[in-house]
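Student: One structure follows; several queries about it will come next.
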Amino acid sequence: MAGKSFVHITRDVSKSLETLRAETPEAMDGFSQLARAALRDGALSALNKELIALAIGVASRCDACTGFYVKALIRLGVTREQLMKTLAICTYMGGGPTLMYAAEAVRAYEKFQEAGAKVPA
């Protein structure tokens with residue numbers, strides 16, 4: 001089984017988000033402002049915040065969330081070990097169904113790596 005293409009999922013969702021931005025600019029601007037405020041460095045680093053976001057995306061079984069957060073984490077320099085430890089906590093808290101989706105997050109990480117994203121060891 002080839003599995004999902006997180007590269008394609010994020011690309012396709014990005015196109016739809018462009019439509020939402022064009023047709024609902026006030027709502028999307030509000031959401032973007034919330035995202036910027038929540039992700040700003042402070043007591044938690046941007047990397048730690050994105051790891052938390054990935055954990056919630058995995059627990060929610062959100063394909064697009066997983067793709068976007070893995071891409072962001074790679075950009076922020078996440079290590080494979082940091083990713084795996086986060087997914088272990090997800091599995092601990094969410095049980096078997098979360099374990100199955102944690103495997104999807106690993107696939108996303110590996111596919112983005114294959115697609116040329118810079119991924120630390």
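Residues in the structure tokens are named by chain (A, B, ... in the order shown) and by number from 1 within that chain; ligands are numbered from 1 in the order shown.
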Just the residues within 10 Å of segment 68-71 of chain A, please, counting only C-alpha atoms, with nothing from its chain fewer than 5 positions along; format it as a PyMOL selection string.

Tutor: chain A and resi 6-7+9-11+13-14+49-55+57-58+63+76+78+83+105-106+108-110+112-113+117-119

Student: Give me the residues within 12 Å of Ala37 of chain A as an MDAnalysis selection string, counting only C-alpha atoms and dropping any in the same chain fewer than 5 places off.

Tutor: chainID A and resid 30:32 42 46 49

Student: Which is closer to Cys62 of chain A than all the others in A:Ala102, A:Ala38, A:Ala43, A:Ala27, using only C-alpha atoms?

Tutor: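 Selected residue with least distance to Cys62 of chain A: A:Ala102.
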
Student: Taking into account only C-alpha atoms, which residue in the set A:Thr79, A:Leu44, A:Ala22, A:Gly67 is nearest to Lys111 of chain A?

Tutor: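 Ranking A:Thr79, A:Leu44, A:Ala22, A:Gly67 by distance to Lys111 of chain A, first place goes to A:Gly67.
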
Student: Choose the residue, out of A:Ala88, A:Glu18, A:Tyr101, A:Gly3, that has the smallest atom-to-atom separation from Cys65 of chain A; count only C-alpha atoms.

Tutor: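 So, comparing all the options, the nearest one is A:Tyr101.
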
Student: Give me, please, the distance in Å between atom CA of Thr91 of chain A and atom CA of Ser45 of chain A, quoted to one decimal.

Tutor: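 These atoms are spaced 22.8 Å apart.
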
Student: Would you mind listing what lies within 9 Å of Cys90 of chain A as an MDAnalysis selection string, with only C-alpha atoms counted and same-chain residues fewer than 4 positions away left out?

Tutor: chainID A and resid 55:56 58:59 85:86 94:95 98:99 102

Student: Please produce a file of the residues just selected, as a short mmCIF file (atom, residue, chain, number, x, y, z; two decimals), in the first residue's frame, where the atoms kept are N, CA and C atoms.

Tutor:
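After the write, again_12.cif holds the following:
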```
data_model
loop_
_atom_site.label_atom_id
_atom_site.label_comp_id
_atom_site.auth_asym_id
_atom_site.auth_seq_id
_atom_site.Cartn_x
_atom_site.Cartn_y
_atom_site.Cartn_z
N ALA A 55 1.09 16.87 18.15
CA ALA A 55 0.46 15.89 19.04
C ALA A 55 -1.07 16.01 18.98
N ILE A 56 -1.57 17.22 18.97
CA ILE A 56 -3.03 17.40 18.89
C ILE A 56 -3.54 16.98 17.51
N VAL A 58 -2.21 14.71 15.54
CA VAL A 58 -2.17 13.25 15.50
C VAL A 58 -3.33 12.67 16.30
N ALA A 59 -3.57 13.19 17.50
CA ALA A 59 -4.67 12.69 18.33
C ALA A 59 -6.02 12.92 17.67
N LYS A 85 9.78 10.92 20.25
CA LYS A 85 9.38 11.03 21.66
C LYS A 85 8.01 11.68 21.79
N THR A 86 7.74 12.68 20.93
CA THR A 86 6.42 13.31 20.94
C THR A 86 5.35 12.30 20.54
N GLY A 94 -3.23 8.44 23.91
CA GLY A 94 -4.36 8.16 23.03
C GLY A 94 -4.60 6.71 22.71
N GLY A 95 -3.69 5.82 23.11
CA GLY A 95 -3.88 4.40 22.89
C GLY A 95 -3.69 3.95 21.45
N THR A 98 -4.39 6.16 18.26
CA THR A 98 -3.38 7.20 18.12
C THR A 98 -2.06 6.59 17.64
N LEU A 99 -1.75 5.39 18.07
CA LEU A 99 -0.55 4.71 17.59
C LEU A 99 -0.60 4.55 16.07
N ALA A 102 0.06 7.88 14.66
CA ALA A 102 1.46 8.27 14.87
C ALA A 102 2.32 7.70 13.75
#
```

Student: Write out as a list in words the residues lying within 10 Å of Gln82 of chain A, counting only C-alpha atoms and excluding same-chain residues fewer than 5 positions away.

Tutor: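 Counting only the stated atoms, we get Leu47, Asn48, Leu51, Leu73, Gly77, Leu87 and Ala88 of chain A.
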
Student: Would you put the residues from that selection into a file with C-alpha atoms, as a PDB file, in the first residue's frame?

Tutor:
```pdb
ATOM      1  CA  LEU A  47       9.696  24.079  18.136  1.00  0.00           C
ATOM      2  CA  ASN A  48       7.990  22.933  21.350  1.00  0.00           C
ATOM      3  CA  LEU A  51       5.441  19.558  18.684  1.00  0.00           C
ATOM      4  CA  LEU A  73       8.943  21.080  12.526  1.00  0.00           C
ATOM      5  CA  GLY A  77      15.143  21.774  12.957  1.00  0.00           C
ATOM      6  CA  LEU A  87       4.657  10.504  19.077  1.00  0.00           C
ATOM      7  CA  ALA A  88       5.367   8.138  21.978  1.00  0.00           C
TER       8      ALA A  88
END
```

Student: Determine which residues of chain A DSSP labels as helix (DSSP H, G or I) from the backbone of this structure, then write them out as a VMD selection string.

Tutor: chain A and resid 6 to 23 25 to 39 46 to 60 63 to 75 80 to 114

Student: Just how far from atom CA of Met100 of chain A is atom CA of Met84 of chain A, in Å to one decimal?

Tutor: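 If I compute the distance from atom CA of Met84 of chain A to atom CA of Met100 of chain A, I get 13.5 Å.
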